[in-house]
2 protein chains.
Amino acid sequence: MKYLITGGLGFIGSNLADRLSKNNRLTIIDNCSTGFIKNLKKNENIKIINANLLNIKKLKKIFRNHSIVFHFAANADIKNGLKNPKKDLEQNAIVTYNVLEAMRYNNIRKIVFTSTAPIYGNTSQFPTKENAPLTYQTSLYGASKLYCEGLISSYCEGYNFKSWIFRFVSVLGPRYSHGHVFDFIKQLDKDNKNLNVLGDGKQKKSYLHVSDCLDAIFLALKKTKKKINIFNLGHNNFINVNKSIKIITKLLNCKPKLKYSGGNKGWVGDLPFVFLDNSKIKKIGWKPKKNIDESIEDTVNWLLKNKWIFKERK
Amino acid sequence: MKYLITGGLGFIGSNLADRLSKNNRLTIIDNCSTGFIKNLKKNENIKIINANLLNIKKLKKIFRNHSIVFHFAANADIKNGLKNPKKDLEQNAIVTYNVLEAMRYNNIRKIVFTSTAPIYGNTSQFPTKENAPLTYQTSLYGASKLYCEGLISSYCEGYNFKSWIFRFVSVLGPRYSHGHVFDFIKQLDKDNKNLNVLGDGKQKKSYLHVSDCLDAIFLALKKTKKKINIFNLGHNNFINVNKSIKIITKLLNCKPKLKYSGGNKGWVGDLPFVFLDNSKIKKIGWKPKKNIDESIEDTVNWLLKNKWIFKERK
């Protein structure tokens with residue numbers, strides 16, 4: 001079996017590549033827009049191709065002779081969706097269509113896809129189950145990811161594909177490069193006396209460590225064989241932003257003055273509460289090994305050792 | 001207020017244009033791919049522009065000086081989605097993005113959108129409510145329409161748009177030009193001794209007359225003022241394909257031999273049962289005036305008087 005990872009130089013993709021490449025040969029496609037070549041440990045089992053996933057002709061060639069695709073490439077910048085609405089359309093919707101077509105062209109029928117909690121849109125069910133009541137989308141990112149899921153399941157129905165779709169909460173851990181922990185550490189690295197916080201600090205969110213996340217993916221691939229396998233991936237609980245700030249500032253040994261931008265949302269379209277029901281993935285034998293506090297600590301420690309990343313992300 | 005209708009030469013769009021143009025000036029954009037210029041009654045209030053909705057530059061110009069957009073243009077050929085998967089992506093997803101961007105560019109903030117029962121995918125809730133449990137998509141058409149809804153609601157959240165989204169069952173009535181009644185009449189017009197039927201004839205579907213459909217849209221526009229207004233539009237009941245055949249053959253005074261293609265679905269990804277809960281739209285004072293039998297009869301009679309349409313649709 002030969003694996004292919006789109007976005008394999010990114011945060012989650014590169015952690016996946018490390019694990020997979022221990023015993024397997026694999027190909028990574030990445031355009032280095034948010035991924036970094038230095039994310040990857042040197043490994044002869046990995047072939048890296050710098051390619052634009054909007055170029056379907058090129059994809060059809062690259063995909064040849066692979067048997068399973070981990071489609072992890074995406075625009076994950078939910079916060080800035082409204083600044084450039086074309087980005088989620090292109091990088092999520094159209095790219096996923098291209099990936100599916102390149103697979104179909106090469107007779108590859110297995111896809112693993114990283115979906116996301118925001119596909120539940122304006123939900124009022126907490127913790128949110130995989131079959132939560134349908135509601136409306138609040139972000140271009142969530143809307144595009146739900147479309148990707150729909151494309152994938154339609155390919156399963158129509159072209160006999162098999163899919164594993166994982167709806168993630170925010171993921172933390174080594175190589176993490178966007179989100180509130182990143183923003184806070186970056187700010188405090190420059191000035192540890194002030195910290196700008198989006199919203200009122202009371203947003204409640206669940207987080208998962210990337211290692212727990214990968215454990216769940218490998219377990220599901222091993223244990224579930226339906227045509228379409230959809231799983232929430234989140235922790236058993238959640239924390240609010242203020243609590244997260246306490247963990248971070250304790251680690252950094254500082255007491256910044258907090259300046260809140262106000263309102264109960266971090267940005268337009270933000271979901272002030274994200275908490276997924278994880279009982280479906282637990283039923284097949286998974287449980288998270290790291291708690292949220294440990295995940296934040298692990299992330300902070302990695303960021304402090306890898307400050308080069310603050311220069312790469314403006 | 002100046003209205004703009006995309007797909008205004010199509011089945012539902014042209015019926016809408018007839019009504020609106022009685023007292024209003026309006027612009028129709030249509031590429032005549034499935035719409036017909038002869039669908040429209042001559043009317044000085046209507047300006048028709050033949051344009052490709054994929055051309056966003058052109059749209060931005062055309063949209064100028066309008067205040068509400070009825071986005072009715074779509075690829076509605078759910079059955080043949082798998083033959084050309086790019087069509088739903090382009091004609092539904094990308095076109096809807098273009099329409100929204102052309103609106104934003106021209107500061108138009110009101111959109112009326114024709115969504116569809118297949119967005120409920122593999123649902124097991126019947127009748128299906130607007131907030132039915134989320135499940136997976138079975139067709140590229142349904143997936144693309146749900147994405148259009150997501151784009152629209154994200155524009156409402158992010159750019160202060162206001163939307164009215166209607167999830168239709170199959171619509172019947174004058175100018176109807178695809179679907180099972182069309183297929184049957186076309187076949188029987190050539191040979192009234194044989195009739196090929198997709199599936200086992202037991203698929204149960206709900207239908208709505210286009211006049212009832214438009215009544216509901218105008219009522220909702222008048223009575224609901226939320227940022228995002230979503231309504232199912234369907235009849236109080238449903239019929240199966242065999243019953244529909246009986247109504248049709250009685251009208252045509254023939255007794256064809258029925259040849260079933262077999263299986264409980266008409267095509268790959270077909271939903272063998274479509275029945276929407278219409279209590280939300282009923283609550284604001286709507287009810288259908290025509291029953292399903294009358295809608296089928298009305299459609300058959302129109303088709304028999306307009307056989308030119310069989311030549312246009314291969």
# chains A, B, ... in the order shown; residues from 1 in each chain; ligands from 1

$ residues_around --residues "Ala216 in chain A" --least-positions-apart "5" --cutoff "8 Å" --atoms "only C-alpha atoms" --output "list of chain:residue names"
A:Leu233, A:Ile281, A:Trp286

$ interface_residues --of "chain B" --to "chain A" --cutoff "7 Å" --atoms "only C-alpha atoms" --output "number ranges by chain"
B: 82, 131-140, 143-144, 147, 150-151, 153-154, 157-158, 268-269

$ select_by_dssp --residues "range 75-297 of chain B" --states "strand (DSSP E or B)" --output "ChimeraX atom specification"
/B:110-116,128,133,162-168,170-172,194-197,204-205,207-209,228-233,239-240,257-260,273-274,276

$ write_last_selection --atoms "N, CA and C atoms" --output "compact mmCIF listing (two decimals), in the first residue's frame"
# COMPACT_ATOMS: atom_id res chain seq x y z
N LYS B 110 -30.27 41.23 -0.31
CA LYS B 110 -31.38 40.28 -0.14
C LYS B 110 -31.35 39.20 -1.22
N ILE B 111 -31.39 37.96 -0.78
CA ILE B 111 -31.36 36.85 -1.74
C ILE B 111 -32.43 35.81 -1.42
N VAL B 112 -33.11 35.36 -2.48
CA VAL B 112 -34.08 34.27 -2.36
C VAL B 112 -33.47 33.09 -3.11
N PHE B 113 -33.40 31.94 -2.47
CA PHE B 113 -32.67 30.82 -3.05
C PHE B 113 -33.52 29.55 -3.08
N THR B 114 -33.43 28.84 -4.20
CA THR B 114 -34.14 27.57 -4.36
C THR B 114 -33.23 26.42 -3.97
N SER B 115 -33.44 25.91 -2.77
CA SER B 115 -32.72 24.72 -2.35
C SER B 115 -33.62 23.49 -2.59
N THR B 116 -33.33 22.40 -1.97
CA THR B 116 -33.95 21.16 -2.44
C THR B 116 -33.98 20.06 -1.37
N THR B 128 -39.63 14.94 6.80
CA THR B 128 -38.34 15.50 7.20
C THR B 128 -38.49 16.97 7.59
N PRO B 133 -31.93 15.38 11.71
CA PRO B 133 -30.55 15.01 12.06
C PRO B 133 -29.64 15.03 10.84
N LYS B 162 -29.50 39.22 3.96
CA LYS B 162 -30.73 38.61 4.46
C LYS B 162 -31.16 37.56 3.42
N SER B 163 -31.57 36.40 3.89
CA SER B 163 -31.87 35.34 2.91
C SER B 163 -33.17 34.61 3.20
N TRP B 164 -33.79 34.15 2.12
CA TRP B 164 -34.93 33.26 2.19
C TRP B 164 -34.57 32.02 1.37
N ILE B 165 -34.45 30.90 2.06
CA ILE B 165 -34.01 29.66 1.43
C ILE B 165 -35.16 28.67 1.45
N PHE B 166 -35.53 28.17 0.27
CA PHE B 166 -36.66 27.24 0.18
C PHE B 166 -36.18 25.88 -0.30
N ARG B 167 -36.49 24.87 0.50
CA ARG B 167 -36.11 23.50 0.14
C ARG B 167 -37.31 22.81 -0.51
N PHE B 168 -37.24 22.69 -1.83
CA PHE B 168 -38.37 22.18 -2.61
C PHE B 168 -38.38 20.66 -2.69
N SER B 170 -40.11 17.92 -5.55
CA SER B 170 -40.23 18.10 -7.00
C SER B 170 -41.41 19.02 -7.29
N VAL B 171 -41.20 19.95 -8.19
CA VAL B 171 -42.26 20.91 -8.51
C VAL B 171 -42.88 20.53 -9.86
N LEU B 172 -44.19 20.68 -9.96
CA LEU B 172 -44.93 20.34 -11.19
C LEU B 172 -45.70 21.57 -11.68
N ASN B 194 -45.59 0.81 -24.50
CA ASN B 194 -44.50 0.42 -23.59
C ASN B 194 -44.04 1.62 -22.76
N LEU B 195 -43.70 1.34 -21.51
CA LEU B 195 -43.18 2.42 -20.67
C LEU B 195 -42.04 1.90 -19.80
N ASN B 196 -40.86 2.48 -19.99
CA ASN B 196 -39.71 2.13 -19.15
C ASN B 196 -39.76 2.94 -17.86
N VAL B 197 -39.66 2.23 -16.74
CA VAL B 197 -39.75 2.89 -15.44
C VAL B 197 -38.47 2.64 -14.66
N LYS B 204 -41.46 6.66 -3.30
CA LYS B 204 -42.52 7.56 -2.83
C LYS B 204 -41.97 8.97 -2.81
N LYS B 205 -42.66 9.87 -3.48
CA LYS B 205 -42.18 11.24 -3.52
C LYS B 205 -43.33 12.23 -3.36
N TYR B 207 -44.88 16.05 -4.24
CA TYR B 207 -44.82 17.01 -5.35
C TYR B 207 -45.59 18.26 -4.97
N LEU B 208 -45.22 19.36 -5.61
CA LEU B 208 -45.91 20.61 -5.32
C LEU B 208 -46.14 21.35 -6.63
N HIS B 209 -47.31 21.97 -6.75
CA HIS B 209 -47.60 22.75 -7.96
C HIS B 209 -46.83 24.07 -7.90
N ILE B 228 -31.79 34.84 8.43
CA ILE B 228 -31.78 33.63 7.59
C ILE B 228 -33.12 32.93 7.78
N ASN B 229 -33.89 32.82 6.70
CA ASN B 229 -35.23 32.22 6.78
C ASN B 229 -35.26 30.97 5.91
N ILE B 230 -35.37 29.80 6.54
CA ILE B 230 -35.31 28.54 5.80
C ILE B 230 -36.64 27.81 5.91
N PHE B 231 -37.19 27.42 4.77
CA PHE B 231 -38.48 26.72 4.78
C PHE B 231 -38.46 25.49 3.86
N ASN B 232 -38.99 24.39 4.36
CA ASN B 232 -39.36 23.29 3.46
C ASN B 232 -40.57 23.71 2.65
N LEU B 233 -40.61 23.33 1.38
CA LEU B 233 -41.82 23.53 0.57
C LEU B 233 -42.22 22.20 -0.07
N ILE B 239 -46.98 10.48 -3.22
CA ILE B 239 -47.53 9.33 -3.94
C ILE B 239 -46.36 8.50 -4.46
N ASN B 240 -46.64 7.25 -4.84
CA ASN B 240 -45.55 6.48 -5.42
C ASN B 240 -45.64 6.54 -6.95
N LYS B 257 -47.31 -1.46 -21.41
CA LYS B 257 -46.65 -2.52 -20.65
C LYS B 257 -45.49 -1.85 -19.89
N LEU B 258 -45.45 -2.10 -18.57
CA LEU B 258 -44.43 -1.42 -17.77
C LEU B 258 -43.16 -2.27 -17.66
N LYS B 259 -42.03 -1.65 -17.96
CA LYS B 259 -40.75 -2.35 -17.83
C LYS B 259 -39.92 -1.64 -16.77
N TYR B 260 -39.75 -2.31 -15.63
CA TYR B 260 -39.00 -1.70 -14.53
C TYR B 260 -37.51 -1.97 -14.66
N PHE B 273 -37.49 7.77 -0.95
CA PHE B 273 -38.61 8.39 -0.24
C PHE B 273 -38.29 9.86 0.00
N VAL B 274 -39.13 10.74 -0.53
CA VAL B 274 -38.97 12.17 -0.30
C VAL B 274 -40.28 12.73 0.22
N LEU B 276 -41.31 15.99 2.84
CA LEU B 276 -40.86 17.05 3.75
C LEU B 276 -41.96 17.50 4.70

$ residues_around --residues "range 57-71 of chain B" --least-positions-apart "3" --cutoff "9 Å" --atoms "only C-alpha atoms" --output "VMD selection string"
chain B and resid 1 to 8 13 26 to 27 29 49 51 to 54 74 96 98 to 99 101 to 103 105 to 114

$ write_last_selection --atoms "N, CA and C atoms" --output "mmCIF file, in the first residue's frame"
data_model
loop_
_atom_site.group_PDB
_atom_site.id
_atom_site.type_symbol
_atom_site.label_atom_id
_atom_site.label_comp_id
_atom_site.auth_asym_id
_atom_site.auth_seq_id
_atom_site.Cartn_x
_atom_site.Cartn_y
_atom_site.Cartn_z
ATOM 1 N N MET B 1 -38.068 49.130 -5.854
ATOM 2 C CA MET B 1 -37.318 47.872 -5.783
ATOM 3 C C MET B 1 -37.209 47.232 -7.165
ATOM 4 N N LYS B 2 -36.014 46.889 -7.533
ATOM 5 C CA LYS B 2 -35.833 46.270 -8.836
ATOM 6 C C LYS B 2 -35.314 44.847 -8.662
ATOM 7 N N TYR B 3 -36.059 43.938 -9.259
ATOM 8 C CA TYR B 3 -35.783 42.516 -9.059
ATOM 9 C C TYR B 3 -34.842 41.959 -10.112
ATOM 10 N N LEU B 4 -34.080 40.979 -9.706
ATOM 11 C CA LEU B 4 -33.239 40.258 -10.647
ATOM 12 C C LEU B 4 -33.472 38.763 -10.432
ATOM 13 N N ILE B 5 -33.698 38.042 -11.531
ATOM 14 C CA ILE B 5 -33.897 36.585 -11.432
ATOM 15 C C ILE B 5 -32.827 35.881 -12.254
ATOM 16 N N THR B 6 -32.018 35.032 -11.598
ATOM 17 C CA THR B 6 -31.130 34.167 -12.373
ATOM 18 C C THR B 6 -31.940 32.922 -12.737
ATOM 19 N N GLY B 7 -31.739 32.425 -13.949
ATOM 20 C CA GLY B 7 -32.514 31.267 -14.395
ATOM 21 C C GLY B 7 -33.971 31.609 -14.644
ATOM 22 N N GLY B 8 -34.225 32.836 -15.006
ATOM 23 C CA GLY B 8 -35.605 33.322 -15.151
ATOM 24 C C GLY B 8 -36.337 32.834 -16.392
ATOM 25 N N GLY B 13 -38.400 29.687 -12.548
ATOM 26 C CA GLY B 13 -37.996 31.084 -12.735
ATOM 27 C C GLY B 13 -38.928 31.860 -13.642
ATOM 28 N N LEU B 26 -38.192 44.030 -13.931
ATOM 29 C CA LEU B 26 -37.205 43.045 -13.484
ATOM 30 C C LEU B 26 -36.238 42.654 -14.592
ATOM 31 N N THR B 27 -35.086 42.128 -14.146
ATOM 32 C CA THR B 27 -34.061 41.660 -15.070
ATOM 33 C C THR B 27 -33.927 40.150 -14.926
ATOM 34 N N ILE B 29 -31.466 36.915 -15.933
ATOM 35 C CA ILE B 29 -30.221 36.413 -16.503
ATOM 36 C C ILE B 29 -30.403 34.916 -16.732
ATOM 37 N N ILE B 49 -31.240 39.100 -20.235
ATOM 38 C CA ILE B 49 -29.817 39.119 -20.582
ATOM 39 C C ILE B 49 -29.305 37.686 -20.658
ATOM 40 N N ALA B 51 -26.454 35.468 -20.330
ATOM 41 C CA ALA B 51 -25.106 35.555 -19.757
ATOM 42 C C ALA B 51 -24.746 34.275 -19.035
ATOM 43 N N ASN B 52 -23.462 34.035 -18.985
ATOM 44 C CA ASN B 52 -22.924 32.873 -18.287
ATOM 45 C C ASN B 52 -22.609 33.285 -16.848
ATOM 46 N N LEU B 53 -23.246 32.635 -15.909
ATOM 47 C CA LEU B 53 -23.074 33.025 -14.502
ATOM 48 C C LEU B 53 -21.684 32.692 -13.970
ATOM 49 N N LEU B 54 -20.895 31.982 -14.745
ATOM 50 C CA LEU B 54 -19.504 31.729 -14.343
ATOM 51 C C LEU B 54 -18.623 32.953 -14.614
ATOM 52 N N ALA B 74 -29.688 26.904 -11.777
ATOM 53 C CA ALA B 74 -28.987 25.761 -11.175
ATOM 54 C C ALA B 74 -28.922 24.622 -12.171
ATOM 55 N N THR B 96 -23.177 30.111 -7.426
ATOM 56 C CA THR B 96 -23.788 30.755 -6.259
ATOM 57 C C THR B 96 -22.787 31.681 -5.572
ATOM 58 N N ASN B 98 -20.408 33.239 -7.146
ATOM 59 C CA ASN B 98 -20.344 34.405 -8.037
ATOM 60 C C ASN B 98 -21.528 35.351 -7.834
ATOM 61 N N VAL B 99 -22.711 34.779 -7.703
ATOM 62 C CA VAL B 99 -23.914 35.592 -7.486
ATOM 63 C C VAL B 99 -23.772 36.392 -6.187
ATOM 64 N N GLU B 101 -21.012 37.238 -4.649
ATOM 65 C CA GLU B 101 -19.961 38.253 -4.793
ATOM 66 C C GLU B 101 -20.453 39.440 -5.632
ATOM 67 N N ALA B 102 -21.220 39.158 -6.682
ATOM 68 C CA ALA B 102 -21.767 40.249 -7.501
ATOM 69 C C ALA B 102 -22.748 41.087 -6.682
ATOM 70 N N MET B 103 -23.470 40.434 -5.776
ATOM 71 C CA MET B 103 -24.373 41.164 -4.877
ATOM 72 C C MET B 103 -23.578 42.037 -3.917
ATOM 73 N N TYR B 105 -20.608 43.207 -4.195
ATOM 74 C CA TYR B 105 -19.964 44.279 -4.952
ATOM 75 C C TYR B 105 -20.920 45.438 -5.187
ATOM 76 N N ASN B 106 -22.193 45.099 -5.398
ATOM 77 C CA ASN B 106 -23.204 46.124 -5.701
ATOM 78 C C ASN B 106 -24.068 46.497 -4.497
ATOM 79 N N ASN B 107 -23.641 46.030 -3.323
ATOM 80 C CA ASN B 107 -24.366 46.353 -2.104
ATOM 81 C C ASN B 107 -25.831 45.893 -2.128
ATOM 82 N N ILE B 108 -26.086 44.753 -2.762
ATOM 83 C CA ILE B 108 -27.420 44.125 -2.744
ATOM 84 C C ILE B 108 -27.391 43.091 -1.623
ATOM 85 N N ARG B 109 -28.352 43.123 -0.716
ATOM 86 C CA ARG B 109 -28.236 42.293 0.489
ATOM 87 C C ARG B 109 -29.358 41.276 0.663
ATOM 88 N N LYS B 110 -30.273 41.229 -0.307
ATOM 89 C CA LYS B 110 -31.380 40.282 -0.141
ATOM 90 C C LYS B 110 -31.353 39.202 -1.219
ATOM 91 N N ILE B 111 -31.391 37.956 -0.777
ATOM 92 C CA ILE B 111 -31.362 36.853 -1.740
ATOM 93 C C ILE B 111 -32.434 35.814 -1.416
ATOM 94 N N VAL B 112 -33.111 35.363 -2.476
ATOM 95 C CA VAL B 112 -34.079 34.271 -2.359
ATOM 96 C C VAL B 112 -33.472 33.093 -3.113
ATOM 97 N N PHE B 113 -33.402 31.942 -2.466
ATOM 98 C CA PHE B 113 -32.668 30.817 -3.050
ATOM 99 C C PHE B 113 -33.518 29.550 -3.082
ATOM 100 N N THR B 114 -33.428 28.840 -4.202
ATOM 101 C CA THR B 114 -34.140 27.573 -4.361
ATOM 102 C C THR B 114 -33.225 26.424 -3.972
#

$ residues_around --residues "Asn39 in chain B" --least-positions-apart "6" --cutoff "7 Å" --atoms "only C-alpha atoms" --output "list in words"
Leu9, Ser14 and Arg175 of chain B

$ write_last_selection --atoms "N, CA and C atoms" --output "compact mmCIF listing (two decimals), in the first residue's frame"
# COMPACT_ATOMS: atom_id res chain seq x y z
N LEU B 9 -35.62 32.09 -17.25
CA LEU B 9 -36.31 31.47 -18.40
C LEU B 9 -36.61 30.00 -18.14
N SER B 14 -39.39 31.23 -14.74
CA SER B 14 -40.26 31.95 -15.67
C SER B 14 -41.66 32.14 -15.10
N ARG B 175 -44.72 24.44 -17.95
CA ARG B 175 -43.31 24.68 -18.29
C ARG B 175 -42.35 23.71 -17.63

$ residues_around --residues "Lys290 in chain B" --least-positions-apart "3" --cutoff "9 Å" --atoms "only C-alpha atoms" --output "JSON, numbers by chain"
{"B": [208, 209, 211, 212, 293, 294, 295]}

$ closest_residue --among "B:Ser244, B:Pro288, B:Lys307, B:Asn301" --to "Lys190 in chain B" --atoms "only C-alpha atoms"
B:Lys307

$ residues_around --residues "Asn23 in chain B" --least-positions-apart "3" --cutoff "9 Å" --atoms "only C-alpha atoms" --output "PDB file with C-alpha atoms, in the first residue's frame"
ATOM      1  CA  ARG B  19     -46.031  37.033 -11.529  1.00  0.00           C
ATOM      2  CA  LEU B  20     -43.421  39.607 -10.570  1.00  0.00           C
ATOM      3  CA  ASN B  45     -41.327  45.118 -17.694  1.00  0.00           C
TER       4      ASN B  45
END

$ atom_distance --atom1 "CA of Asp77 in chain A" --atom2 "CA of Gly179 in chain A"
8.6 Å

$ residues_around --residues "Asn264 in chain A" --least-positions-apart "4" --cutoff "10 Å" --atoms "only C-alpha atoms" --output "PyMOL selection string"
chain A and resi 198-203+270-273

$ select_by_dssp --residues "range 142-258 of chain B" --states "alpha helix (DSSP H)" --output "MDAnalysis selection string"
chainID B and resid 142:159 180:190 210:223 241:252

$ write_last_selection --atoms "C-alpha atoms" --output "mmCIF file, in the first residue's frame"
data_model
loop_
_atom_site.group_PDB
_atom_site.id
_atom_site.type_symbol
_atom_site.label_atom_id
_atom_site.label_comp_id
_atom_site.auth_asym_id
_atom_site.auth_seq_id
_atom_site.Cartn_x
_atom_site.Cartn_y
_atom_site.Cartn_z
ATOM 1 C CA GLY B 142 -27.665 17.628 -2.870
ATOM 2 C CA ALA B 143 -24.095 18.233 -1.661
ATOM 3 C CA SER B 144 -23.736 21.296 -3.895
ATOM 4 C CA LYS B 145 -27.100 22.767 -2.887
ATOM 5 C CA LEU B 146 -26.307 22.379 0.816
ATOM 6 C CA TYR B 147 -23.034 24.200 0.144
ATOM 7 C CA CYS B 148 -24.963 27.001 -1.582
ATOM 8 C CA GLU B 149 -27.111 27.303 1.544
ATOM 9 C CA GLY B 150 -23.937 27.424 3.640
ATOM 10 C CA LEU B 151 -22.406 30.121 1.444
ATOM 11 C CA ILE B 152 -25.584 32.174 1.680
ATOM 12 C CA SER B 153 -25.935 31.883 5.459
ATOM 13 C CA SER B 154 -22.232 32.730 5.889
ATOM 14 C CA TYR B 155 -22.791 35.876 3.807
ATOM 15 C CA CYS B 156 -25.742 36.680 6.071
ATOM 16 C CA GLU B 157 -23.543 36.257 9.159
ATOM 17 C CA GLY B 158 -20.500 37.967 7.749
ATOM 18 C CA TYR B 159 -21.722 40.613 5.324
ATOM 19 C CA HIS B 180 -40.530 11.484 -14.176
ATOM 20 C CA VAL B 181 -43.789 12.980 -15.512
ATOM 21 C CA PHE B 182 -41.848 14.566 -18.366
ATOM 22 C CA ASP B 183 -39.998 11.319 -19.117
ATOM 23 C CA PHE B 184 -43.204 9.269 -19.113
ATOM 24 C CA ILE B 185 -45.183 11.623 -21.364
ATOM 25 C CA LYS B 186 -42.274 11.868 -23.762
ATOM 26 C CA GLN B 187 -42.007 8.082 -23.970
ATOM 27 C CA LEU B 188 -45.761 7.531 -24.334
ATOM 28 C CA ASP B 189 -45.992 10.204 -27.009
ATOM 29 C CA LYS B 190 -43.692 8.062 -29.152
ATOM 30 C CA VAL B 210 -45.507 25.707 -9.108
ATOM 31 C CA SER B 211 -48.339 28.131 -8.255
ATOM 32 C CA ASP B 212 -48.443 26.872 -4.651
ATOM 33 C CA CYS B 213 -44.690 27.096 -4.570
ATOM 34 C CA LEU B 214 -44.721 30.761 -5.624
ATOM 35 C CA ASP B 215 -47.529 31.552 -3.163
ATOM 36 C CA ALA B 216 -45.314 30.226 -0.379
ATOM 37 C CA ILE B 217 -42.294 32.248 -1.517
ATOM 38 C CA PHE B 218 -44.215 35.541 -1.668
ATOM 39 C CA LEU B 219 -45.860 34.889 1.679
ATOM 40 C CA ALA B 220 -42.540 34.106 3.363
ATOM 41 C CA LEU B 221 -40.961 37.238 1.872
ATOM 42 C CA LYS B 222 -43.818 39.285 3.299
ATOM 43 C CA LYS B 223 -44.050 37.668 6.707
ATOM 44 C CA VAL B 241 -44.433 6.268 -9.035
ATOM 45 C CA ASN B 242 -46.940 3.504 -9.911
ATOM 46 C CA LYS B 243 -49.844 5.694 -8.743
ATOM 47 C CA SER B 244 -48.460 8.538 -10.810
ATOM 48 C CA ILE B 245 -48.339 6.239 -13.856
ATOM 49 C CA LYS B 246 -52.013 5.389 -13.319
ATOM 50 C CA ILE B 247 -53.012 9.064 -13.345
ATOM 51 C CA ILE B 248 -50.947 9.714 -16.462
ATOM 52 C CA THR B 249 -52.107 6.688 -18.456
ATOM 53 C CA LYS B 250 -55.722 7.396 -17.562
ATOM 54 C CA LEU B 251 -55.377 10.916 -18.946
ATOM 55 C CA LEU B 252 -53.691 9.587 -22.069
#

$ atom_distance --atom1 "CA of Cys254 in chain B" --atom2 "CA of Asn192 in chain B"
6.3 Å

$ atom_distance --atom1 "CA of Asn75 in chain B" --atom2 "CA of Leu100 in chain B"
17.2 Å
